[in-house]
Each structure stands twice: as structure tokens, then as C-alpha cells.
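J.: Dropping in my_file.tsv, which is TSV, C-alpha atoms:
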```tsv
chain	number	residue	atom	x	y	z
A	1	MET	CA	5.34	-0.09	-7.32
A	2	THR	CA	6.64	-3.64	-7.52
A	3	MET	CA	7.38	-6.39	-5.08
A	4	THR	CA	11.03	-6.55	-6.09
A	5	GLU	CA	11.49	-2.85	-5.46
A	6	ASP	CA	9.59	-2.36	-2.22
A	7	ALA	CA	9.37	-5.65	-0.34
A	8	PRO	CA	12.24	-6.51	2.04
A	9	SER	CA	14.67	-9.22	0.89
A	10	PRO	CA	15.56	-12.11	3.27
A	11	SER	CA	18.77	-10.30	4.19
A	12	GLU	CA	16.75	-7.19	5.06
A	13	ILE	CA	14.42	-9.25	7.24
A	14	ARG	CA	17.44	-10.65	9.08
A	15	ARG	CA	18.80	-7.15	9.55
A	16	LEU	CA	15.47	-6.03	11.03
A	17	LEU	CA	15.52	-9.03	13.38
A	18	TRP	CA	19.09	-8.33	14.43
A	19	ARG	CA	18.29	-4.71	15.17
A	20	ALA	CA	15.25	-5.59	17.27
A	21	GLY	CA	16.88	-8.68	18.78
A	22	GLY	CA	19.86	-6.63	19.92
A	23	TRP	CA	17.59	-4.37	21.92
A	24	VAL	CA	15.78	-7.35	23.43
A	25	VAL	CA	19.06	-8.96	24.50
A	26	ALA	CA	20.37	-5.69	25.94
A	27	LEU	CA	17.12	-5.21	27.87
A	28	PHE	CA	17.18	-8.77	29.23
A	29	TRP	CA	20.72	-8.46	30.52
A	30	LEU	CA	20.22	-4.96	31.89
A	31	VAL	CA	17.21	-6.18	33.88
A	32	GLN	CA	19.30	-9.14	35.08
A	33	LEU	CA	22.09	-6.86	36.28
A	34	VAL	CA	19.74	-4.46	38.03
A	35	GLU	CA	17.74	-7.28	39.65
A	36	LEU	CA	20.82	-9.05	41.07
A	37	SER	CA	22.35	-5.80	42.27
A	38	LEU	CA	19.14	-4.70	43.99
A	39	THR	CA	18.67	-8.13	45.56
A	40	SER	CA	22.21	-8.06	46.90
A	41	PHE	CA	21.73	-4.57	48.25
A	42	VAL	CA	18.40	-5.36	49.93
A	43	GLU	CA	19.83	-8.51	51.53
A	44	GLY	CA	22.66	-6.43	52.92
A	45	THR	CA	25.48	-8.35	51.29
A	46	GLN	CA	28.69	-6.92	52.64
A	47	ARG	CA	30.53	-7.17	49.38
A	48	SER	CA	27.72	-6.05	47.06
A	49	LEU	CA	29.88	-3.32	45.54
A	50	GLY	CA	32.78	-5.72	45.21
A	51	LEU	CA	30.57	-8.16	43.30
A	52	LEU	CA	29.44	-5.47	40.84
A	53	ALA	CA	32.49	-5.90	38.61
A	54	PRO	CA	32.03	-9.69	38.24
A	55	ARG	CA	28.37	-9.19	37.48
A	56	ILE	CA	29.20	-6.70	34.74
A	57	LEU	CA	31.66	-9.18	33.26
A	58	ILE	CA	28.97	-11.88	33.23
A	59	VAL	CA	26.48	-9.50	31.60
A	60	VAL	CA	29.00	-8.62	28.87
A	61	ALA	CA	29.76	-12.33	28.36
A	62	GLY	CA	26.02	-13.07	28.30
A	63	MET	CA	25.42	-10.47	25.59
A	64	ILE	CA	28.19	-12.00	23.50
A	65	LEU	CA	26.87	-15.52	24.07
A	66	SER	CA	23.37	-14.36	23.05
A	67	VAL	CA	24.57	-13.66	19.51
A	68	PRO	CA	24.20	-17.31	18.37
A	69	VAL	CA	20.63	-17.37	19.71
A	70	ILE	CA	19.63	-14.42	17.53
A	71	GLU	CA	21.51	-15.85	14.56
A	72	VAL	CA	19.79	-19.25	14.81
A	73	ALA	CA	16.38	-17.58	15.02
A	74	ALA	CA	17.27	-15.35	12.06
A	75	LEU	CA	18.44	-18.31	9.97
A	76	GLY	CA	15.14	-20.05	10.69
A	77	THR	CA	12.95	-17.27	9.30
A	78	GLY	CA	10.52	-18.71	6.79
A	79	GLY	CA	11.00	-22.25	8.12
A	80	ALA	CA	8.82	-24.53	10.21
A	81	PHE	CA	8.00	-23.32	13.71
A	82	GLY	CA	9.00	-26.56	15.47
A	83	ARG	CA	12.41	-26.72	13.82
A	84	ARG	CA	13.15	-23.07	14.57
A	85	LEU	CA	12.01	-23.40	18.19
A	86	LEU	CA	14.06	-26.53	18.84
A	87	ALA	CA	17.16	-25.05	17.26
A	88	THR	CA	16.82	-21.87	19.29
A	89	VAL	CA	16.16	-23.79	22.54
A	90	PHE	CA	19.23	-26.00	22.09
A	91	THR	CA	21.32	-22.93	21.31
A	92	ALA	CA	19.97	-21.23	24.44
A	93	LEU	CA	20.83	-24.28	26.58
A	94	ALA	CA	24.35	-24.26	25.13
A	95	MET	CA	24.52	-20.59	26.06
A	96	CYS	CA	23.42	-21.51	29.58
A	97	ILE	CA	26.25	-24.06	29.94
A	98	ALA	CA	28.74	-21.48	28.67
A	99	LEU	CA	27.38	-18.93	31.14
A	100	MET	CA	27.81	-21.37	34.00
A	101	ALA	CA	31.44	-21.82	32.95
A	102	VAL	CA	31.91	-18.06	32.89
A	103	ASP	CA	30.16	-17.82	36.25
A	104	TYR	CA	32.53	-20.36	37.73
A	105	MET	CA	35.63	-18.65	36.33
A	106	VAL	CA	34.50	-15.25	37.57
A	107	TYR	CA	33.34	-16.14	41.05
A	108	PHE	CA	35.17	-19.27	42.10
A	109	ILE	CA	38.57	-18.85	40.46
A	110	PRO	CA	40.58	-16.15	42.27
A	111	PHE	CA	39.10	-12.81	41.48
A	112	PRO	CA	40.32	-9.85	43.52
A	113	ALA	CA	37.00	-8.31	44.42
A	114	GLY	CA	34.59	-11.20	44.50
A	115	ARG	CA	36.25	-14.47	45.55
A	116	LEU	CA	33.67	-16.91	46.93
A	117	ALA	CA	33.85	-20.40	48.42
A	118	PHE	CA	32.63	-23.00	45.93
A	119	ASP	CA	29.34	-24.70	46.87
A	120	LEU	CA	28.27	-27.38	44.36
A	121	THR	CA	24.62	-27.36	45.44
A	122	GLU	CA	24.33	-23.61	45.16
A	123	PHE	CA	26.19	-23.67	41.85
A	124	VAL	CA	23.82	-26.27	40.36
A	125	TYR	CA	20.84	-24.34	41.73
A	126	SER	CA	22.07	-21.15	40.05
A	127	GLY	CA	22.50	-23.20	36.86
A	128	PHE	CA	18.78	-23.97	36.85
A	129	GLY	CA	18.13	-20.24	37.26
A	130	TRP	CA	20.39	-19.50	34.30
A	131	SER	CA	18.60	-22.14	32.19
A	132	TRP	CA	15.20	-20.52	32.70
A	133	PHE	CA	16.71	-17.12	31.98
A	134	CYS	CA	18.26	-18.39	28.74
A	135	LEU	CA	15.06	-20.15	27.68
A	136	GLY	CA	13.08	-16.97	28.37
A	137	LEU	CA	15.51	-15.02	26.21
A	138	ALA	CA	15.23	-17.65	23.46
A	139	GLY	CA	11.42	-17.47	23.59
A	140	ALA	CA	11.52	-13.70	23.29
A	141	VAL	CA	13.84	-13.90	20.29
A	142	VAL	CA	11.67	-16.54	18.55
A	143	ALA	CA	8.54	-14.46	19.18
A	144	LEU	CA	10.34	-11.42	17.84
A	145	SER	CA	11.40	-13.30	14.71
A	146	TYR	CA	7.78	-14.25	14.04
A	147	SER	CA	6.68	-10.68	14.64
A	148	VAL	CA	9.18	-9.44	12.04
A	149	GLU	CA	8.03	-12.14	9.61
A	150	ILE	CA	4.36	-11.34	10.10
A	151	ARG	CA	4.94	-7.63	9.53
A	152	ASP	CA	6.88	-8.47	6.38
A	153	ARG	CA	4.11	-10.82	5.20
A	154	GLU	CA	1.47	-8.16	5.81
A	155	ARG	CA	3.53	-5.67	3.86
A	156	ARG	CA	3.90	-8.10	0.98
A	157	LEU	CA	0.15	-8.81	0.97
A	158	ALA	CA	-0.56	-5.07	0.96
A	159	LEU	CA	1.80	-4.63	-1.99
A	160	LEU	CA	0.16	-7.51	-3.84
A	161	SER	CA	-3.25	-5.98	-3.20
A	162	VAL	CA	-2.10	-2.62	-4.58
A	163	GLU	CA	-0.51	-4.26	-7.61
A	164	ALA	CA	-3.66	-6.30	-8.30
A	165	ARG	CA	-5.79	-3.16	-8.02
A	166	ASP	CA	-3.48	-1.26	-10.37
A	167	ALA	CA	-3.56	-4.13	-12.84
A	168	ARG	CA	-7.37	-4.13	-12.81
A	169	LEU	CA	-7.45	-0.37	-13.31
A	170	ALA	CA	-4.96	-0.58	-16.15
A	171	ALA	CA	-7.01	-3.28	-17.85
A	172	LEU	CA	-10.15	-1.18	-17.52
A	173	ARG	CA	-8.41	1.89	-18.92
A	174	TYR	CA	-6.98	0.01	-21.88
A	175	GLN	CA	-10.46	-1.35	-22.55
A	176	LEU	CA	-11.58	2.20	-23.41
A	177	ASN	CA	-9.15	2.75	-26.27
A	178	PRO	CA	-10.58	0.22	-28.77
A	179	HIS	CA	-14.13	1.21	-27.76
A	180	PHE	CA	-13.44	4.89	-28.41
A	181	LEU	CA	-11.42	4.25	-31.57
A	182	PHE	CA	-14.16	2.04	-33.03
A	183	ASN	CA	-16.76	4.81	-32.70
A	184	THR	CA	-14.47	7.59	-33.92
A	185	LEU	CA	-13.13	5.69	-36.92
A	186	ASN	CA	-16.70	4.84	-37.89
A	187	SER	CA	-17.48	8.57	-37.79
A	188	ILE	CA	-14.48	9.39	-39.97
A	189	ALA	CA	-15.48	6.66	-42.41
A	190	ALA	CA	-19.00	8.06	-42.55
A	191	LEU	CA	-17.67	11.56	-43.34
A	192	ILE	CA	-15.44	10.18	-46.08
A	193	ASP	CA	-18.32	8.18	-47.58
A	194	GLY	CA	-20.42	11.35	-47.56
A	195	GLY	CA	-17.74	13.25	-49.45
A	196	GLU	CA	-16.98	15.54	-46.51
A	197	LYS	CA	-13.22	15.61	-46.93
A	198	GLU	CA	-12.36	18.67	-44.84
A	199	PRO	CA	-14.39	17.62	-41.77
A	200	ALA	CA	-12.85	14.15	-42.04
A	201	GLU	CA	-9.34	15.62	-42.15
A	202	THR	CA	-10.11	17.85	-39.17
A	203	MET	CA	-11.41	14.87	-37.22
A	204	VAL	CA	-8.27	12.84	-38.05
A	205	VAL	CA	-6.03	15.67	-36.80
A	206	ASN	CA	-8.06	16.08	-33.62
A	207	LEU	CA	-8.12	12.32	-33.09
A	208	ALA	CA	-4.33	12.15	-33.39
A	209	GLU	CA	-3.96	14.96	-30.85
A	210	PHE	CA	-6.44	13.33	-28.47
A	211	LEU	CA	-4.73	9.95	-28.69
A	212	ARG	CA	-1.31	11.48	-28.14
A	213	ALA	CA	-2.55	13.26	-25.03
A	214	THR	CA	-4.40	10.29	-23.57
A	215	LEU	CA	-1.94	7.52	-24.39
A	216	GLU	CA	0.81	9.41	-22.59
A	217	LEU	CA	-1.18	9.09	-19.36
A	218	ASP	CA	-0.39	6.32	-16.91
A	219	PRO	CA	-3.54	4.17	-16.73
A	220	VAL	CA	-3.66	4.23	-12.94
A	221	ILE	CA	-2.68	7.80	-12.09
A	222	ASP	CA	-4.89	10.62	-10.91
A	223	ILE	CA	-4.94	13.91	-12.81
A	224	ARG	CA	-6.28	17.35	-12.04
A	225	LEU	CA	-9.94	17.89	-12.84
A	226	SER	CA	-9.03	20.84	-15.07
A	227	ARG	CA	-6.89	18.49	-17.19
A	228	GLU	CA	-9.68	15.90	-17.32
A	229	VAL	CA	-12.07	18.58	-18.61
A	230	GLU	CA	-9.50	19.72	-21.19
A	231	LEU	CA	-9.26	16.18	-22.55
A	232	GLN	CA	-13.03	15.86	-22.78
A	233	ALA	CA	-13.22	19.22	-24.52
A	234	LEU	CA	-10.71	17.89	-27.06
A	235	TYR	CA	-12.83	14.76	-27.53
A	236	LEU	CA	-15.99	16.86	-27.93
A	237	SER	CA	-14.25	18.97	-30.55
A	238	ILE	CA	-13.84	15.76	-32.56
A	239	GLU	CA	-17.56	15.08	-32.31
A	240	GLU	CA	-18.42	18.70	-33.13
A	241	THR	CA	-16.88	18.05	-36.53
A	242	ARG	CA	-19.33	15.22	-37.01
A	243	PHE	CA	-22.37	17.02	-35.55
A	244	PRO	CA	-21.77	20.73	-36.18
A	245	ALA	CA	-25.44	21.65	-35.99
A	246	ARG	CA	-26.50	19.34	-33.18
A	247	LEU	CA	-23.76	19.38	-30.53
A	248	ARG	CA	-23.42	22.18	-27.99
A	249	THR	CA	-21.09	22.10	-25.01
A	250	HIS	CA	-21.21	23.81	-21.62
A	251	TYR	CA	-18.60	23.70	-18.83
A	252	ALA	CA	-19.39	24.72	-15.24
A	253	VAL	CA	-16.40	23.71	-13.15
A	254	ASP	CA	-16.01	25.64	-9.91
A	255	ASP	CA	-12.55	27.18	-9.63
A	256	ALA	CA	-12.28	25.79	-6.09
A	257	VAL	CA	-12.24	22.21	-7.42
A	258	ALA	CA	-10.34	22.71	-10.68
A	259	GLY	CA	-7.21	21.34	-9.01
A	260	ALA	CA	-8.97	18.34	-7.44
A	261	LEU	CA	-7.63	14.91	-8.37
A	262	VAL	CA	-9.72	12.43	-10.36
A	263	PRO	CA	-8.88	9.12	-12.08
A	264	ALA	CA	-7.59	9.83	-15.58
A	265	LEU	CA	-10.33	9.76	-18.25
A	266	ILE	CA	-12.98	8.68	-15.75
A	267	THR	CA	-15.57	10.84	-17.57
A	268	GLN	CA	-14.67	9.66	-21.09
A	269	PRO	CA	-17.21	6.79	-21.37
A	270	ILE	CA	-19.98	8.98	-19.94
A	271	VAL	CA	-19.34	11.81	-22.41
A	272	GLU	CA	-19.13	9.24	-25.20
A	273	ASN	CA	-22.51	7.80	-24.16
A	274	ALA	CA	-24.03	11.29	-24.31
A	275	ILE	CA	-22.85	11.64	-27.92
A	276	ARG	CA	-24.05	8.21	-28.98
A	277	HIS	CA	-27.42	8.11	-27.20
A	278	ALA	CA	-28.44	11.78	-27.20
A	279	VAL	CA	-26.65	13.83	-29.86
A	280	ALA	CA	-26.49	11.16	-32.58
A	281	ARG	CA	-30.19	10.32	-32.16
A	282	SER	CA	-31.46	13.87	-31.99
A	283	SER	CA	-32.72	16.09	-34.78
A	284	VAL	CA	-32.32	19.25	-32.69
A	285	PRO	CA	-29.31	20.74	-30.88
A	286	VAL	CA	-28.29	18.91	-27.70
A	287	THR	CA	-26.14	20.47	-24.99
A	288	VAL	CA	-23.61	18.30	-23.19
A	289	THR	CA	-22.68	19.77	-19.82
A	290	ILE	CA	-19.71	18.98	-17.60
A	291	ALA	CA	-20.04	20.51	-14.14
A	292	ALA	CA	-18.19	20.12	-10.86
A	293	ILE	CA	-18.56	21.51	-7.36
A	294	ALA	CA	-17.45	20.70	-3.84
A	295	MET	CA	-20.26	19.41	-1.64
A	296	HIS	CA	-19.89	18.30	2.00
A	297	GLY	CA	-16.18	17.70	1.60
A	298	ARG	CA	-16.63	15.62	-1.56
A	299	LEU	CA	-16.24	16.28	-5.25
A	300	ARG	CA	-19.55	16.20	-7.11
A	301	LEU	CA	-18.98	15.73	-10.84
A	302	THR	CA	-21.96	15.84	-13.23
A	303	ILE	CA	-22.09	14.96	-16.93
A	304	ALA	CA	-25.50	15.70	-18.41
A	305	ASP	CA	-27.26	16.13	-21.74
A	306	ASP	CA	-30.66	17.59	-22.53
A	307	GLY	CA	-31.48	15.07	-25.23
A	308	ARG	CA	-34.96	13.78	-24.52
A	309	GLY	CA	-34.91	10.64	-26.66
A	310	LYS	CA	-35.03	7.34	-24.79
A	311	GLY	CA	-32.20	5.82	-26.82
A	312	ASP	CA	-31.41	2.13	-26.58
A	313	ALA	CA	-29.62	1.92	-23.25
A	314	MET	CA	-30.91	2.10	-19.73
A	315	PRO	CA	-29.03	4.16	-17.14
A	316	GLY	CA	-25.99	2.36	-15.79
A	317	THR	CA	-25.81	-0.33	-18.48
A	318	GLY	CA	-23.35	-0.93	-21.28
A	319	VAL	CA	-19.56	-1.29	-21.48
A	320	GLY	CA	-18.86	2.39	-20.79
A	321	MET	CA	-20.88	2.77	-17.58
A	322	ALA	CA	-19.83	-0.64	-16.30
A	323	ASN	CA	-16.23	0.39	-16.87
A	324	VAL	CA	-16.65	3.60	-14.89
A	325	ARG	CA	-18.35	1.78	-12.01
A	326	ALA	CA	-15.62	-0.84	-11.87
A	327	ARG	CA	-12.83	1.73	-11.92
A	328	LEU	CA	-14.42	3.77	-9.13
A	329	GLU	CA	-15.06	0.72	-6.97
A	330	ASN	CA	-11.50	-0.53	-7.44
A	331	ARG	CA	-10.05	2.90	-6.74
A	332	PHE	CA	-12.21	4.17	-3.86
A	333	GLY	CA	-14.30	1.27	-2.58
A	334	ARG	CA	-17.36	2.58	-0.72
A	335	ALA	CA	-16.03	6.13	-0.60
A	336	GLN	CA	-17.61	6.87	-4.00
A	337	SER	CA	-20.98	6.80	-5.68
A	338	LEU	CA	-22.36	6.88	-9.22
A	339	ASP	CA	-25.97	7.77	-10.01
A	340	ALA	CA	-27.42	7.73	-13.53
A	341	VAL	CA	-30.85	9.32	-14.07
A	342	ARG	CA	-33.00	9.73	-17.17
A	343	ASP	CA	-35.95	12.13	-16.87
A	344	ALA	CA	-37.83	14.74	-18.85
A	345	ALA	CA	-34.79	17.03	-18.85
A	346	GLY	CA	-32.54	14.42	-20.41
A	347	PHE	CA	-29.86	12.15	-19.00
A	348	ARG	CA	-27.30	12.89	-16.31
A	349	VAL	CA	-24.63	10.97	-14.46
A	350	VAL	CA	-23.47	12.19	-11.07
A	351	LEU	CA	-20.17	11.02	-9.61
A	352	GLU	CA	-19.23	11.72	-6.01
A	353	LEU	CA	-15.60	11.15	-5.08
A	354	PRO	CA	-13.33	12.00	-2.16
A	355	LEU	CA	-12.16	15.60	-2.56
A	356	ARG	CA	-8.38	15.35	-2.86
A	357	PHE	CA	-5.70	17.73	-4.04
A	358	ALA	CA	-2.09	17.20	-5.06
A	359	ALA	CA	0.36	17.62	-2.18
```
I need this file expressed as C-alpha cells, please.
T.:
Amino acid sequence: MTMTEDAPSPSEIRRLLWRAGGWVVALFWLVQLVELSLTSFVEGTQRSLGLLAPRILIVVAGMILSVPVIEVAALGTGGAFGRRLLATVFTALAMCIALMAVDYMVYFIPFPAGRLAFDLTEFVYSGFGWSWFCLGLAGAVVALSYSVEIRDRERRLALLSVEARDARLAALRYQLNPHFLFNTLNSIAALIDGGEKEPAETMVVNLAEFLRATLELDPVIDIRLSREVELQALYLSIEETRFPARLRTHYAVDDAVAGALVPALITQPIVENAIRHAVARSSVPVTVTIAAIAMHGRLRLTIADDGRGKGDAMPGTGVGMANVRARLENRFGRAQSLDAVRDAAGFRVVLELPLRFAA
């Protein structure tokens, strides 16, 4: 999503204003026609029906003369308020003068159904009425233009906020690749130094497959939980080559949440921490468990190990855990939680996320 693709251009803003302004103008003039007709009827004017045709002509002329008012307001979008207001007011006053001319031609120049005797005082008085009407219409159009601008500005700010969030998430995701590669390449180097050629080759093949699968992912998309677990299983297969006698894996993902959406590779740093701080430092087999269930309308995702060594990192510290926290906060705000606990049973990290499925 980009600003150039989704945000309205100036011409689109003008089109929105014209569409809304047209309805405002039509409503103004319809109310004017109904009000004058009802007033004439209530006052018992003998020729109220005869004056209907001239009134309709004035309404049509008024709608046409309102076009410059909308255009001036549209041209002023993005400019200073005072300049736009003055320009629209002067245009409205010019419209008023033109309306008075139309009024004179319709009512006081021979017109079959509505000929009236010319009265200068009454004509000037009606001119003041037209001026307030035109100024009211101009005010409505200016207010409408600002409303369209404000909605556009809010939309642009929302787009900028989304783009900034996506950029942060992308940066956090890309931060994982060198971190993961550093640890894995060190493991391959260690196997080569130890003369373990076949395990090293196996790890290189698995690493290539893992990188191909993960680098194809968009850094800010969500993927199904089943796919996330598959990727972690592939990663753990790499580490099983390094620790064949010490690493055990266990997966307990409820079928009901296998299709739930999670941020891509959100569990990768946590699983990696389990290898580095539990498996690598243990002399006995360690089981790494990935489990997931639905709880109270939320997805509860647990990554745990039963390594009992204290290691060198406290829960929630380090690049990996900080990365996960930052990604979750950027993605879900307060609608998520992350708890890391070390106890006699080992170390576990519990993520709670909104339970969402692909449409």
C-alpha cells in the first residue's frame, strides 16, 4: 500500500467536492422553490400557480450560476482559508447580482404568466434577500470543501501510519536474517572443523531450503499457524544435525487453530533462543515444544523447553525477544501479550494474539 496508489489526487478531491457540492446546491434551490411556493400559497396569492413557471426558471438559472461558486471553492483547496473565503464570497455576490438581473427579466419584462408592476423598493429589498441566500450557499460550499479536505488529510495520515508501521515491521524482520545466519554458519563451521562432513552438508542443504522458504515471505504479511510451525520444524531439523543426541521436538497445535493467522516467523527468535540457551548448554536431551490452542477467543501460542540450566540471558532480554516484543506491539498494540517464564521445569514463552482466520 502506497500513498501514490491509494491517496486521492487533487483532481480526485475536486471531483469529490463537485459531487457533494452539486447535491448541496440542488438542495438549497429546491428548498428555495418550495419555501417561496408555500409562502405564496399560504398568503393566498391569486396568481401563485402562474408564478410557478418563473420561479422554476429562476431556480434553474440559480443552479447554473452556482457553478462558479463551487469551482472557486474547489480551486482553493489546499490554500489559505481567508483567500478561499474571500474568493468564494465575491463569487457569491456576483451570482447574487446576476440572479437579480434574471429576476428582473423574468418578472418585470413581459412574461405571459407572471407579469408584475416594477417596484424599486421591493426589488432592492428582494436583492438583500438574494444576497444572504447566496452568501449562505457560499458558506455551505466552503464548509463542504474543508470537510472533503479534512477527510482526505485523515486518509493520508492513516496511510502514512500504516506505511510507517509496515516499514518498522520490515526492518524488524530483516534484522532476524543476519542474526540467524550468524548462528547457523557458526554451527556449520564447527561441524567442518570437527571433521563432520556429512552433517555439515546436510545442514547446508537444510539451511538453503529454509532460507528459500523464508526469504520468499513478505516481511509484513500474516501466515497460517500451520505454515509457521512447518518453518520452525525446518529450522529445528537444521539444529538436529548439530545436536542429534540432545535435541528433541514436540508439536501440540490444536487443529482448530492450525489455520489461524500469525505474523510470519514470529516464533523464530524464541525457538532460536531455546536452542542457544537450553539445548547448546545441556548435557542431556532437551525437548523443545511448540503448542497452540484457542483460549477465550484468543490464540495462545507457547514455545517451551525443559532445559533446566540458567543460561546467560534473563527472560525477555536480548535481540531476539526484544524483536518479538516490538513486532507484536507494532502489529497489534495492546491486543497482544508476551510472557517469558523460567522455573524448575525450564523456560517457556507464551504469546497471546487476536484469533484471526483468513477470509
J.: Identify which of the residues A:Val25, A:Leu261, A:Ala94, A:Leu299 lies closest to Leu225 of chain A, counting only C-alpha atoms when measuring atom-to-atom distances.
T.: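 Of A:Val25, A:Leu261, A:Ala94, A:Leu299, the one nearest Leu225 of chain A, counting only C-alpha atoms, is A:Leu261.
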J.: Can you list, as a PyMOL selection string, every protein, DNA or RNA residue that comes within 12 Å of Val24 of chain A when you count only C-alpha atoms, leaving out same-chain residues fewer than 4 positions away?
T.: chain A and resi 17-20+28-31+63+66-67+69-70+136-145
J.: Taking into account all atoms listed in the file, which residue in the set A:His277, A:Arg242, A:Arg227, A:Arg331 is nearest to Thr184 of chain A?
T.: A:Arg242
J.: Could you tell me how far atom CA of Leu247 of chain A lies from atom CA of Ser337 of chain A, in Å and to one decimal?
T.: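 It comes out at 28.0 Å.
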J.: Rank nothing, just name the residue among A:Met295, A:Cys96, A:Ala158, A:Val284 nearest to Pro244 of chain A, using only C-alpha atoms.
T.: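 Comparing A:Met295, A:Cys96, A:Ala158, A:Val284 against Pro244 of chain A, the winner is A:Val284.
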J.: In Å, with one decimal, what is the gap from atom CA of Leu57 of chain A to atom CA of Gln32 of chain A?
T.: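 Here the two named atoms are 12.5 Å from each other.
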J.: Counting only C-alpha atoms, find residues at most 12 Å from (20.0, -24.7, 19.5) (file frame) and give them as a PyMOL selection string.
T.: chain A and resi 66-73+75-76+82-96+134-135+138-139+142
J.: So which one's closest to Leu207 of chain A, A:Val350, A:Ala245, A:Ile192, A:Leu185? Using all atoms listed in the file, please.
T.: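 The closest residue to Leu207 of chain A is A:Leu185.
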J.: Quote the spacing between atom CA of Ile188 of chain A and atom CA of Ala200 of chain A in Å to one decimal place.
T.: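 Distance between the two atoms: 5.4 Å.
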J.: Would you mind telling me which residue in A:Arg298, A:His250, A:Arg348, A:Arg356 lies nearest to Gln336 of chain A when using all atoms listed in the file?
T.: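 Closest residue, counting all atoms listed in the file: A:Arg298.
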J.: Name the closest residue to Arg300 of chain A among the candidates A:Val253, A:Ala340, A:Ala101, A:Ala322; distances are taken between atoms, counting only C-alpha atoms.
T.: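 The shortest atom-to-atom distance to Arg300 of chain A comes from A:Val253.
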